[in-house]
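Asker: Pasting target.txt below, which is compact mmCIF, N, CA and C atoms.
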```txt
# COMPACT_ATOMS: atom_id res chain seq x y z
N MET A 1446 -3.24 18.89 -115.72
CA MET A 1446 -2.08 18.30 -115.07
C MET A 1446 -1.40 19.32 -114.16
N ILE A 1447 -1.22 20.55 -114.65
CA ILE A 1447 -0.56 21.58 -113.86
C ILE A 1447 -1.40 21.94 -112.64
N GLU A 1448 -2.73 21.85 -112.77
CA GLU A 1448 -3.61 22.15 -111.64
C GLU A 1448 -3.38 21.16 -110.50
N ARG A 1449 -3.23 19.90 -110.83
CA ARG A 1449 -2.98 18.88 -109.81
C ARG A 1449 -1.66 19.12 -109.10
N LEU A 1450 -0.66 19.49 -109.87
CA LEU A 1450 0.65 19.79 -109.29
C LEU A 1450 0.56 20.98 -108.34
N LEU A 1451 -0.14 22.02 -108.75
CA LEU A 1451 -0.30 23.20 -107.90
C LEU A 1451 -1.09 22.87 -106.64
N ILE A 1452 -2.14 22.09 -106.78
CA ILE A 1452 -2.94 21.71 -105.61
C ILE A 1452 -2.11 20.86 -104.66
N THR A 1453 -1.36 19.92 -105.18
CA THR A 1453 -0.50 19.07 -104.35
C THR A 1453 0.55 19.90 -103.63
N THR A 1454 1.17 20.82 -104.34
CA THR A 1454 2.18 21.71 -103.74
C THR A 1454 1.55 22.55 -102.64
N LEU A 1455 0.38 23.09 -102.90
CA LEU A 1455 -0.32 23.90 -101.91
C LEU A 1455 -0.65 23.08 -100.66
N LEU A 1456 -1.13 21.86 -100.85
CA LEU A 1456 -1.45 21.00 -99.70
C LEU A 1456 -0.21 20.66 -98.88
N ILE A 1457 0.90 20.40 -99.55
CA ILE A 1457 2.15 20.12 -98.84
C ILE A 1457 2.58 21.34 -98.04
N MET A 1458 2.50 22.51 -98.65
CA MET A 1458 2.88 23.75 -97.95
C MET A 1458 1.97 24.00 -96.75
N LEU A 1459 0.68 23.78 -96.91
CA LEU A 1459 -0.25 23.97 -95.79
C LEU A 1459 0.02 22.97 -94.67
N GLY A 1460 0.29 21.72 -95.03
CA GLY A 1460 0.60 20.71 -94.02
C GLY A 1460 1.87 21.03 -93.26
N THR A 1461 2.89 21.46 -93.98
CA THR A 1461 4.16 21.84 -93.35
C THR A 1461 3.97 23.03 -92.43
N SER A 1462 3.22 24.00 -92.88
CA SER A 1462 2.95 25.18 -92.06
C SER A 1462 2.15 24.82 -90.81
N ALA A 1463 1.16 23.96 -90.96
CA ALA A 1463 0.36 23.55 -89.80
C ALA A 1463 1.22 22.80 -88.78
N TYR A 1464 2.10 21.92 -89.26
CA TYR A 1464 2.99 21.18 -88.36
C TYR A 1464 3.93 22.13 -87.62
N ALA A 1465 4.52 23.08 -88.34
CA ALA A 1465 5.44 24.04 -87.71
C ALA A 1465 4.71 24.88 -86.68
N THR A 1466 3.50 25.30 -86.99
CA THR A 1466 2.71 26.09 -86.05
C THR A 1466 2.38 25.27 -84.80
N PHE A 1467 1.98 24.02 -84.99
CA PHE A 1467 1.68 23.14 -83.86
C PHE A 1467 2.91 22.97 -82.98
N LYS A 1468 4.07 22.75 -83.59
CA LYS A 1468 5.29 22.52 -82.82
C LYS A 1468 5.67 23.78 -82.03
N ARG A 1469 5.59 24.96 -82.66
CA ARG A 1469 5.90 26.21 -81.95
C ARG A 1469 4.95 26.41 -80.77
N ARG A 1470 3.66 26.14 -80.99
CA ARG A 1470 2.67 26.30 -79.93
C ARG A 1470 2.95 25.32 -78.80
N HIS A 1471 3.30 24.09 -79.14
CA HIS A 1471 3.60 23.07 -78.13
C HIS A 1471 4.80 23.50 -77.28
N VAL A 1472 5.85 24.02 -77.92
CA VAL A 1472 7.02 24.49 -77.19
C VAL A 1472 6.63 25.64 -76.27
N ARG A 1473 5.81 26.56 -76.77
CA ARG A 1473 5.39 27.71 -75.96
C ARG A 1473 4.57 27.25 -74.75
N VAL A 1474 3.64 26.33 -74.95
CA VAL A 1474 2.82 25.82 -73.84
C VAL A 1474 3.70 25.12 -72.82
N LEU A 1475 4.63 24.28 -73.28
CA LEU A 1475 5.51 23.58 -72.35
C LEU A 1475 6.44 24.53 -71.63
N GLY A 1476 6.76 25.65 -72.25
CA GLY A 1476 7.61 26.64 -71.60
C GLY A 1476 6.98 27.22 -70.35
N ASP A 1477 5.65 27.16 -70.27
CA ASP A 1477 4.94 27.68 -69.11
C ASP A 1477 4.89 26.69 -67.95
N LEU A 1478 5.29 25.44 -68.18
CA LEU A 1478 5.25 24.43 -67.13
C LEU A 1478 6.45 24.57 -66.21
N ASP A 1479 6.26 24.18 -64.97
CA ASP A 1479 7.39 24.06 -64.04
C ASP A 1479 8.03 22.71 -64.31
N THR A 1480 9.19 22.71 -64.95
CA THR A 1480 9.78 21.45 -65.41
C THR A 1480 10.45 20.66 -64.30
N ALA A 1481 10.90 21.29 -63.24
CA ALA A 1481 11.53 20.60 -62.11
C ALA A 1481 12.65 19.69 -62.56
N VAL A 1482 13.53 20.21 -63.40
CA VAL A 1482 14.70 19.46 -63.84
C VAL A 1482 15.95 20.18 -63.36
N PRO A 1483 17.08 19.48 -63.33
CA PRO A 1483 18.31 20.12 -62.90
C PRO A 1483 18.65 21.34 -63.77
N ARG A 1484 19.41 22.25 -63.24
CA ARG A 1484 19.80 23.46 -63.97
C ARG A 1484 20.99 23.19 -64.87
N THR A 1485 20.84 22.19 -65.68
CA THR A 1485 21.83 21.82 -66.68
C THR A 1485 21.04 21.37 -67.91
N PRO A 1486 21.59 21.47 -69.11
CA PRO A 1486 20.83 21.01 -70.28
C PRO A 1486 20.33 19.59 -70.07
N THR A 1487 19.06 19.39 -70.33
CA THR A 1487 18.40 18.12 -70.05
C THR A 1487 17.59 17.66 -71.26
N ILE A 1488 17.62 16.36 -71.49
CA ILE A 1488 16.74 15.76 -72.49
C ILE A 1488 15.78 14.85 -71.76
N LEU A 1489 14.49 15.13 -71.90
CA LEU A 1489 13.47 14.22 -71.40
C LEU A 1489 13.19 13.24 -72.52
N TYR A 1490 13.37 11.96 -72.23
CA TYR A 1490 13.22 10.91 -73.23
C TYR A 1490 12.02 10.06 -72.86
N PHE A 1491 10.95 10.18 -73.63
CA PHE A 1491 9.72 9.43 -73.37
C PHE A 1491 9.74 8.15 -74.19
N ALA A 1492 9.55 7.01 -73.51
CA ALA A 1492 9.63 5.70 -74.17
C ALA A 1492 8.71 4.72 -73.43
N SER A 1493 8.60 3.52 -73.99
CA SER A 1493 7.89 2.43 -73.32
C SER A 1493 8.43 1.11 -73.85
N ASP A 1494 8.14 0.05 -73.13
CA ASP A 1494 8.60 -1.28 -73.55
C ASP A 1494 7.95 -1.73 -74.85
N SER A 1495 6.76 -1.24 -75.14
CA SER A 1495 6.05 -1.65 -76.35
C SER A 1495 6.42 -0.82 -77.58
N CYS A 1496 7.30 0.13 -77.43
CA CYS A 1496 7.72 1.01 -78.53
C CYS A 1496 8.82 0.34 -79.34
N ALA A 1497 8.57 0.14 -80.63
CA ALA A 1497 9.54 -0.55 -81.49
C ALA A 1497 10.78 0.30 -81.77
N ALA A 1498 10.63 1.62 -81.86
CA ALA A 1498 11.76 2.49 -82.20
C ALA A 1498 12.54 2.95 -80.97
N CYS A 1499 12.02 2.72 -79.79
CA CYS A 1499 12.67 3.23 -78.57
C CYS A 1499 14.06 2.65 -78.31
N PRO A 1500 14.34 1.37 -78.56
CA PRO A 1500 15.72 0.89 -78.38
C PRO A 1500 16.72 1.62 -79.29
N SER A 1501 16.32 1.93 -80.51
CA SER A 1501 17.20 2.70 -81.40
C SER A 1501 17.43 4.10 -80.84
N GLN A 1502 16.36 4.74 -80.34
CA GLN A 1502 16.51 6.07 -79.76
C GLN A 1502 17.43 6.02 -78.55
N ALA A 1503 17.32 4.98 -77.73
CA ALA A 1503 18.20 4.84 -76.57
C ALA A 1503 19.66 4.76 -77.00
N ARG A 1504 19.94 4.02 -78.07
CA ARG A 1504 21.32 3.94 -78.58
C ARG A 1504 21.80 5.30 -79.06
N TYR A 1505 20.95 6.06 -79.75
CA TYR A 1505 21.33 7.39 -80.21
C TYR A 1505 21.63 8.31 -79.03
N LEU A 1506 20.85 8.20 -77.97
CA LEU A 1506 21.09 9.02 -76.79
C LEU A 1506 22.38 8.62 -76.08
N GLU A 1507 22.69 7.32 -76.05
CA GLU A 1507 23.96 6.87 -75.48
C GLU A 1507 25.13 7.41 -76.29
N GLN A 1508 25.02 7.41 -77.61
CA GLN A 1508 26.06 7.97 -78.47
C GLN A 1508 26.22 9.46 -78.19
N LEU A 1509 25.12 10.15 -78.01
CA LEU A 1509 25.16 11.58 -77.72
C LEU A 1509 25.91 11.84 -76.41
N LEU A 1510 25.62 11.07 -75.38
CA LEU A 1510 26.33 11.22 -74.11
C LEU A 1510 27.82 10.96 -74.25
N ALA A 1511 28.18 9.98 -75.07
CA ALA A 1511 29.59 9.66 -75.29
C ALA A 1511 30.30 10.81 -76.00
N GLU A 1512 29.60 11.50 -76.90
CA GLU A 1512 30.18 12.61 -77.65
C GLU A 1512 30.21 13.90 -76.85
N ARG A 1513 29.36 14.02 -75.83
CA ARG A 1513 29.23 15.27 -75.07
C ARG A 1513 29.39 15.01 -73.58
N PRO A 1514 30.63 14.93 -73.12
CA PRO A 1514 30.84 14.69 -71.69
C PRO A 1514 30.74 15.96 -70.85
N ASP A 1515 29.96 16.93 -71.30
CA ASP A 1515 29.92 18.25 -70.66
C ASP A 1515 28.73 18.46 -69.73
N GLY A 1516 28.23 17.41 -69.12
CA GLY A 1516 27.19 17.57 -68.12
C GLY A 1516 25.77 17.53 -68.63
N LEU A 1517 25.54 16.94 -69.76
CA LEU A 1517 24.20 16.77 -70.28
C LEU A 1517 23.47 15.71 -69.46
N VAL A 1518 22.21 15.97 -69.12
CA VAL A 1518 21.40 15.01 -68.36
C VAL A 1518 20.33 14.45 -69.28
N ILE A 1519 20.19 13.13 -69.28
CA ILE A 1519 19.11 12.49 -70.02
C ILE A 1519 18.22 11.78 -69.01
N GLN A 1520 16.97 12.17 -68.99
CA GLN A 1520 16.01 11.62 -68.04
C GLN A 1520 14.99 10.79 -68.81
N LYS A 1521 15.05 9.47 -68.63
CA LYS A 1521 14.11 8.57 -69.32
C LYS A 1521 12.81 8.51 -68.54
N ILE A 1522 11.71 8.63 -69.26
CA ILE A 1522 10.39 8.56 -68.64
C ILE A 1522 9.61 7.46 -69.36
N ASP A 1523 9.28 6.42 -68.62
CA ASP A 1523 8.50 5.31 -69.17
C ASP A 1523 7.03 5.71 -69.12
N THR A 1524 6.42 5.85 -70.28
CA THR A 1524 5.04 6.33 -70.33
C THR A 1524 4.03 5.33 -69.78
N GLU A 1525 4.41 4.07 -69.69
CA GLU A 1525 3.51 3.08 -69.10
C GLU A 1525 3.52 3.17 -67.58
N VAL A 1526 4.65 3.59 -67.01
CA VAL A 1526 4.78 3.74 -65.57
C VAL A 1526 4.33 5.13 -65.12
N GLU A 1527 4.61 6.15 -65.94
CA GLU A 1527 4.28 7.54 -65.60
C GLU A 1527 3.41 8.18 -66.68
N PRO A 1528 2.20 7.69 -66.88
CA PRO A 1528 1.36 8.27 -67.94
C PRO A 1528 0.99 9.73 -67.68
N GLU A 1529 0.91 10.12 -66.42
CA GLU A 1529 0.56 11.51 -66.10
C GLU A 1529 1.64 12.48 -66.57
N THR A 1530 2.90 12.05 -66.53
CA THR A 1530 3.99 12.90 -67.01
C THR A 1530 3.90 13.06 -68.53
N ALA A 1531 3.58 11.98 -69.22
CA ALA A 1531 3.41 12.05 -70.68
C ALA A 1531 2.27 13.00 -71.04
N VAL A 1532 1.19 12.95 -70.28
CA VAL A 1532 0.06 13.85 -70.53
C VAL A 1532 0.47 15.29 -70.25
N LYS A 1533 1.19 15.50 -69.16
CA LYS A 1533 1.65 16.85 -68.79
C LYS A 1533 2.45 17.49 -69.91
N TYR A 1534 3.30 16.70 -70.56
CA TYR A 1534 4.15 17.23 -71.63
C TYR A 1534 3.54 17.07 -73.02
N GLY A 1535 2.32 16.58 -73.10
CA GLY A 1535 1.65 16.48 -74.38
C GLY A 1535 2.26 15.48 -75.34
N VAL A 1536 2.82 14.41 -74.81
CA VAL A 1536 3.45 13.39 -75.64
C VAL A 1536 2.37 12.57 -76.32
N PHE A 1537 2.43 12.49 -77.65
CA PHE A 1537 1.43 11.72 -78.38
C PHE A 1537 2.04 10.67 -79.28
N THR A 1538 3.36 10.58 -79.33
CA THR A 1538 4.03 9.54 -80.11
C THR A 1538 5.31 9.15 -79.39
N LEU A 1539 5.74 7.92 -79.61
CA LEU A 1539 6.98 7.44 -79.00
C LEU A 1539 7.94 6.99 -80.07
N PRO A 1540 9.21 7.23 -79.87
CA PRO A 1540 9.81 8.01 -78.79
C PRO A 1540 9.63 9.51 -79.02
N THR A 1541 9.63 10.25 -77.95
CA THR A 1541 9.63 11.72 -78.00
C THR A 1541 10.78 12.19 -77.13
N THR A 1542 11.54 13.16 -77.64
CA THR A 1542 12.59 13.79 -76.85
C THR A 1542 12.29 15.27 -76.73
N ILE A 1543 12.43 15.79 -75.52
CA ILE A 1543 12.20 17.21 -75.25
C ILE A 1543 13.48 17.76 -74.66
N LEU A 1544 14.03 18.80 -75.30
CA LEU A 1544 15.27 19.42 -74.84
C LEU A 1544 14.96 20.65 -74.00
N ILE A 1545 15.55 20.70 -72.82
CA ILE A 1545 15.32 21.78 -71.87
C ILE A 1545 16.66 22.45 -71.58
N ASP A 1546 16.69 23.78 -71.64
CA ASP A 1546 17.94 24.50 -71.42
C ASP A 1546 18.23 24.68 -69.93
N GLN A 1547 19.33 25.40 -69.62
CA GLN A 1547 19.76 25.57 -68.22
C GLN A 1547 18.77 26.35 -67.38
N GLN A 1548 17.94 27.17 -68.02
CA GLN A 1548 16.95 27.94 -67.28
C GLN A 1548 15.66 27.16 -67.05
N GLY A 1549 15.60 25.94 -67.57
CA GLY A 1549 14.41 25.12 -67.40
C GLY A 1549 13.36 25.34 -68.47
N ASP A 1550 13.73 26.05 -69.56
CA ASP A 1550 12.78 26.32 -70.64
C ASP A 1550 12.88 25.26 -71.72
N VAL A 1551 11.73 24.82 -72.23
CA VAL A 1551 11.70 23.86 -73.33
C VAL A 1551 12.15 24.58 -74.60
N ARG A 1552 13.16 24.01 -75.26
CA ARG A 1552 13.70 24.64 -76.47
C ARG A 1552 13.40 23.85 -77.73
N GLU A 1553 13.33 22.53 -77.64
CA GLU A 1553 13.09 21.69 -78.81
C GLU A 1553 12.23 20.50 -78.41
N ILE A 1554 11.40 20.05 -79.36
CA ILE A 1554 10.62 18.82 -79.20
C ILE A 1554 10.81 18.00 -80.46
N ASN A 1555 11.16 16.74 -80.28
CA ASN A 1555 11.33 15.82 -81.41
C ASN A 1555 10.32 14.70 -81.27
N TYR A 1556 9.45 14.59 -82.25
CA TYR A 1556 8.45 13.52 -82.28
C TYR A 1556 9.00 12.39 -83.12
N GLY A 1557 9.10 11.21 -82.55
CA GLY A 1557 9.63 10.07 -83.30
C GLY A 1557 11.13 9.95 -83.14
N LEU A 1558 11.69 9.03 -83.88
CA LEU A 1558 13.11 8.71 -83.81
C LEU A 1558 13.95 9.90 -84.27
N THR A 1559 14.92 10.30 -83.44
CA THR A 1559 15.78 11.44 -83.76
C THR A 1559 17.23 10.99 -83.67
N HIS A 1560 17.97 11.19 -84.75
CA HIS A 1560 19.35 10.71 -84.83
C HIS A 1560 20.31 11.56 -83.99
N THR A 1561 21.43 10.96 -83.67
CA THR A 1561 22.45 11.59 -82.83
C THR A 1561 22.88 12.94 -83.39
N HIS A 1562 23.08 13.02 -84.70
CA HIS A 1562 23.55 14.26 -85.33
C HIS A 1562 22.59 15.42 -85.04
N LYS A 1563 21.31 15.19 -85.22
CA LYS A 1563 20.32 16.25 -84.98
C LYS A 1563 20.28 16.62 -83.50
N LEU A 1564 20.30 15.62 -82.62
CA LEU A 1564 20.30 15.90 -81.19
C LEU A 1564 21.53 16.70 -80.79
N ASN A 1565 22.69 16.35 -81.36
CA ASN A 1565 23.93 17.07 -81.07
C ASN A 1565 23.81 18.53 -81.47
N GLN A 1566 23.24 18.80 -82.64
CA GLN A 1566 23.04 20.17 -83.09
C GLN A 1566 22.10 20.92 -82.15
N GLN A 1567 21.04 20.26 -81.73
CA GLN A 1567 20.08 20.91 -80.84
C GLN A 1567 20.69 21.19 -79.47
N VAL A 1568 21.46 20.26 -78.94
CA VAL A 1568 22.11 20.47 -77.64
C VAL A 1568 23.13 21.60 -77.74
N ALA A 1569 23.86 21.67 -78.85
CA ALA A 1569 24.82 22.77 -79.05
C ALA A 1569 24.09 24.11 -79.05
N GLY A 1570 22.87 24.14 -79.55
CA GLY A 1570 22.09 25.37 -79.57
C GLY A 1570 21.57 25.78 -78.21
N LEU A 1571 21.62 24.90 -77.23
CA LEU A 1571 21.17 25.23 -75.88
C LEU A 1571 22.18 26.09 -75.14
N ALA A 1572 23.44 26.00 -75.53
CA ALA A 1572 24.50 26.71 -74.81
C ALA A 1572 24.54 28.18 -75.16
```
Could you take the file, read its structure, and then write that structure out as structure tokens?

Answerer:
Amino acid sequence: MIERLLITTLLIMLGTSAYATFKRRHVRVLGDLDTAVPRTPTILYFASDSCAACPSQARYLEQLLAERPDGLVIQKIDTEVEPETAVKYGVFTLPTTILIDQQGDVREINYGLTHTHKLNQQVAGLA
């Protein structure tokens, strides 16, 4: 019984480590791209009409804008209209939000639905 628990714990730790490594690598790779965004904190919001969670993410982003009237830019990218942009940024799930700082560097990537509270913390970390 204890062996199963140890193996399960080890697998969870390995999975978590692999995910964290993938995310760090993805941020580093995206940091090398020319983002061509305004020199203000920006959130790239990848969505599509067929995405079930995207309307909820849009509401969370609207709440974020209401809470932060300090010049945050949210740029929505429809992956059905601009698939090449989704490929450029390595988007593999919807919704995806990518936070870019004032220097144009990618600082955070959120795969899937991300709540206003977490986005607010991440945007605060950009300053």

Asker: Any chance you could list, as JSON, numbers by chain, the residues in chain A that come up alpha helix (DSSP H) when DSSP is run on the backbone?

Answerer: {"A": [1447, 1448, 1449, 1450, 1451, 1452, 1453, 1454, 1455, 1456, 1457, 1458, 1459, 1460, 1461, 1462, 1463, 1464, 1465, 1466, 1467, 1468, 1469, 1470, 1471, 1472, 1473, 1474, 1475, 1476, 1499, 1500, 1501, 1502, 1503, 1504, 1505, 1506, 1507, 1508, 1509, 1510, 1511, 1512, 1528, 1529, 1530, 1531, 1532, 1533, 1561, 1562, 1563, 1564, 1565, 1566, 1567, 1568, 1569, 1570, 1571]}

Asker: Show which residues sit within 10 Å of range 1566-1572 of chain A, as a list in words. Count only C-alpha atoms, and ignore same-chain residues fewer than 5 positions away.

Answerer: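 Contacts, with the query itself left out: Thr1485, Pro1486, Thr1487, Ile1488, Leu1509, Arg1513, Leu1517, Leu1544, Ile1545, Asp1546, Gln1547, Gln1548, Asp1550, Val1551, Arg1552, Glu1553, Ile1554 and Thr1561 of chain A.
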
Asker: Would you please work out which residue, of A:Tyr1490, A:Ile1457, A:Ile1543, A:Pro1500, is nearest to Gln1520 in chain A when using only N, CA and C atoms?

Answerer: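 Using only N, CA and C atoms, the shortest distance to Gln1520 in chain A belongs to A:Tyr1490.
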
Asker: Could you give me, as JSON, numbers by chain, each residue of range 1464-1557 of chain A that DSSP assigns to strand (DSSP E) when run on this structure's backbone?

Answerer: {"A": [1487, 1488, 1489, 1490, 1491, 1492, 1518, 1519, 1520, 1521, 1522, 1523, 1541, 1542, 1543, 1544, 1545, 1551, 1552, 1553, 1554, 1555, 1556]}

Asker: Which value, in Å to one decimal, gives the distance between atom C of Thr1541 in chain A and CA of Leu1489 in chain A?

Answerer: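 Here the two named atoms are 6.6 Å from each other.
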
Asker: Distance CA of Ala1492 in chain A-CA of Pro1540 in chain A, one decimal place?

Answerer: 5.2 Å

Asker: Taking into account only N, CA and C atoms, which residue in the set A:Cys1496, A:Leu1506, A:His1471, A:His1560 is nearest to Tyr1534 in chain A?

Answerer: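 Residue with the minimum atom-to-atom distance to Tyr1534 in chain A: A:His1471.
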
Asker: Considering only C-alpha atoms, can you say which of A:Gln1502, A:Phe1491, A:Met1446, A:Arg1469 comes closest to Glu1529 in chain A?

Answerer: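 The closest residue to Glu1529 in chain A is A:Phe1491.
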
Asker: Mind checking which residues fall within 12 Å of Tyr1505 in chain A, counting only C-alpha atoms, ignoring those fewer than 4 positions away in the same chain, and posting them as a list in words?

Answerer: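 Residues near the query, excluding close chain neighbours: Tyr1490, Ala1498, Cys1499, Pro1500, Ser1501, Leu1509, Leu1510, Ala1511, Glu1512, Ile1519, Pro1540, Thr1542, Leu1558, Thr1559, His1560, Thr1561, His1562, Lys1563, Leu1564 and Asn1565 of chain A.
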
Asker: Take the residues from that selection and write them out as an mmCIF file, in the coordinates of the input, keeping N, CA and C atoms.

Answerer:
```cif
data_model
loop_
_atom_site.group_PDB
_atom_site.id
_atom_site.type_symbol
_atom_site.label_atom_id
_atom_site.label_comp_id
_atom_site.auth_asym_id
_atom_site.auth_seq_id
_atom_site.Cartn_x
_atom_site.Cartn_y
_atom_site.Cartn_z
ATOM 1 N N TYR A 1490 13.370 11.960 -72.230
ATOM 2 C CA TYR A 1490 13.220 10.910 -73.230
ATOM 3 C C TYR A 1490 12.020 10.060 -72.860
ATOM 4 N N ALA A 1498 10.630 1.620 -81.860
ATOM 5 C CA ALA A 1498 11.760 2.490 -82.200
ATOM 6 C C ALA A 1498 12.540 2.950 -80.970
ATOM 7 N N CYS A 1499 12.020 2.720 -79.790
ATOM 8 C CA CYS A 1499 12.670 3.230 -78.570
ATOM 9 C C CYS A 1499 14.060 2.650 -78.310
ATOM 10 N N PRO A 1500 14.340 1.370 -78.560
ATOM 11 C CA PRO A 1500 15.720 0.890 -78.380
ATOM 12 C C PRO A 1500 16.720 1.620 -79.290
ATOM 13 N N SER A 1501 16.320 1.930 -80.510
ATOM 14 C CA SER A 1501 17.200 2.700 -81.400
ATOM 15 C C SER A 1501 17.430 4.100 -80.840
ATOM 16 N N LEU A 1509 25.120 10.150 -78.010
ATOM 17 C CA LEU A 1509 25.160 11.580 -77.720
ATOM 18 C C LEU A 1509 25.910 11.840 -76.410
ATOM 19 N N LEU A 1510 25.620 11.070 -75.380
ATOM 20 C CA LEU A 1510 26.330 11.220 -74.110
ATOM 21 C C LEU A 1510 27.820 10.960 -74.250
ATOM 22 N N ALA A 1511 28.180 9.980 -75.070
ATOM 23 C CA ALA A 1511 29.590 9.660 -75.290
ATOM 24 C C ALA A 1511 30.300 10.810 -76.000
ATOM 25 N N GLU A 1512 29.600 11.500 -76.900
ATOM 26 C CA GLU A 1512 30.180 12.610 -77.650
ATOM 27 C C GLU A 1512 30.210 13.900 -76.850
ATOM 28 N N ILE A 1519 20.190 13.130 -69.280
ATOM 29 C CA ILE A 1519 19.110 12.490 -70.020
ATOM 30 C C ILE A 1519 18.220 11.780 -69.010
ATOM 31 N N PRO A 1540 9.210 7.230 -79.870
ATOM 32 C CA PRO A 1540 9.810 8.010 -78.790
ATOM 33 C C PRO A 1540 9.630 9.510 -79.020
ATOM 34 N N THR A 1542 11.540 13.160 -77.640
ATOM 35 C CA THR A 1542 12.590 13.790 -76.850
ATOM 36 C C THR A 1542 12.290 15.270 -76.730
ATOM 37 N N LEU A 1558 11.690 9.030 -83.880
ATOM 38 C CA LEU A 1558 13.110 8.710 -83.810
ATOM 39 C C LEU A 1558 13.950 9.900 -84.270
ATOM 40 N N THR A 1559 14.920 10.300 -83.440
ATOM 41 C CA THR A 1559 15.780 11.440 -83.760
ATOM 42 C C THR A 1559 17.230 10.990 -83.670
ATOM 43 N N HIS A 1560 17.970 11.190 -84.750
ATOM 44 C CA HIS A 1560 19.350 10.710 -84.830
ATOM 45 C C HIS A 1560 20.310 11.560 -83.990
ATOM 46 N N THR A 1561 21.430 10.960 -83.670
ATOM 47 C CA THR A 1561 22.450 11.590 -82.830
ATOM 48 C C THR A 1561 22.880 12.940 -83.390
ATOM 49 N N HIS A 1562 23.080 13.020 -84.700
ATOM 50 C CA HIS A 1562 23.550 14.260 -85.330
ATOM 51 C C HIS A 1562 22.590 15.420 -85.040
ATOM 52 N N LYS A 1563 21.310 15.190 -85.220
ATOM 53 C CA LYS A 1563 20.320 16.250 -84.980
ATOM 54 C C LYS A 1563 20.280 16.620 -83.500
ATOM 55 N N LEU A 1564 20.300 15.620 -82.620
ATOM 56 C CA LEU A 1564 20.300 15.900 -81.190
ATOM 57 C C LEU A 1564 21.530 16.700 -80.790
ATOM 58 N N ASN A 1565 22.690 16.350 -81.360
ATOM 59 C CA ASN A 1565 23.930 17.070 -81.070
ATOM 60 C C ASN A 1565 23.810 18.530 -81.470
#
```

Asker: Distance CA of Arg1470 in chain A-CA of Thr1524 in chain A, one decimal place?

Answerer: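 Result for CA of Arg1470 in chain A versus CA of Thr1524 in chain A: 22.3 Å, one decimal.
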
Asker: Taking into account only C-alpha atoms, which residue in the set A:Ser1493, A:Gly1516, A:Glu1507, A:Tyr1556 is nearest to Pro1528 in chain A?

Answerer: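 Using only C-alpha atoms, Pro1528 in chain A sits closest to A:Ser1493.
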
Asker: Under the rule that all atoms listed in the file are counted, which of A:Ala1463, A:Gly1549, A:Arg1449, A:Gly1557 is the nearest residue to Phe1537 in chain A?

Answerer: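 For Phe1537 in chain A, the nearest of the candidates is A:Gly1557.
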
Asker: Give the centre and edge lengths of an axis-aligned box, in Å to one decimal, that holds all listed atoms of range 1528-1537 of chain A with 8 Å on each side, as JSON.

Answerer:
```
{"center_x": 2.1, "center_y": 12.6, "center_z": -72.7, "size_x": 20.1, "size_y": 25.8, "size_z": 29.2}
```
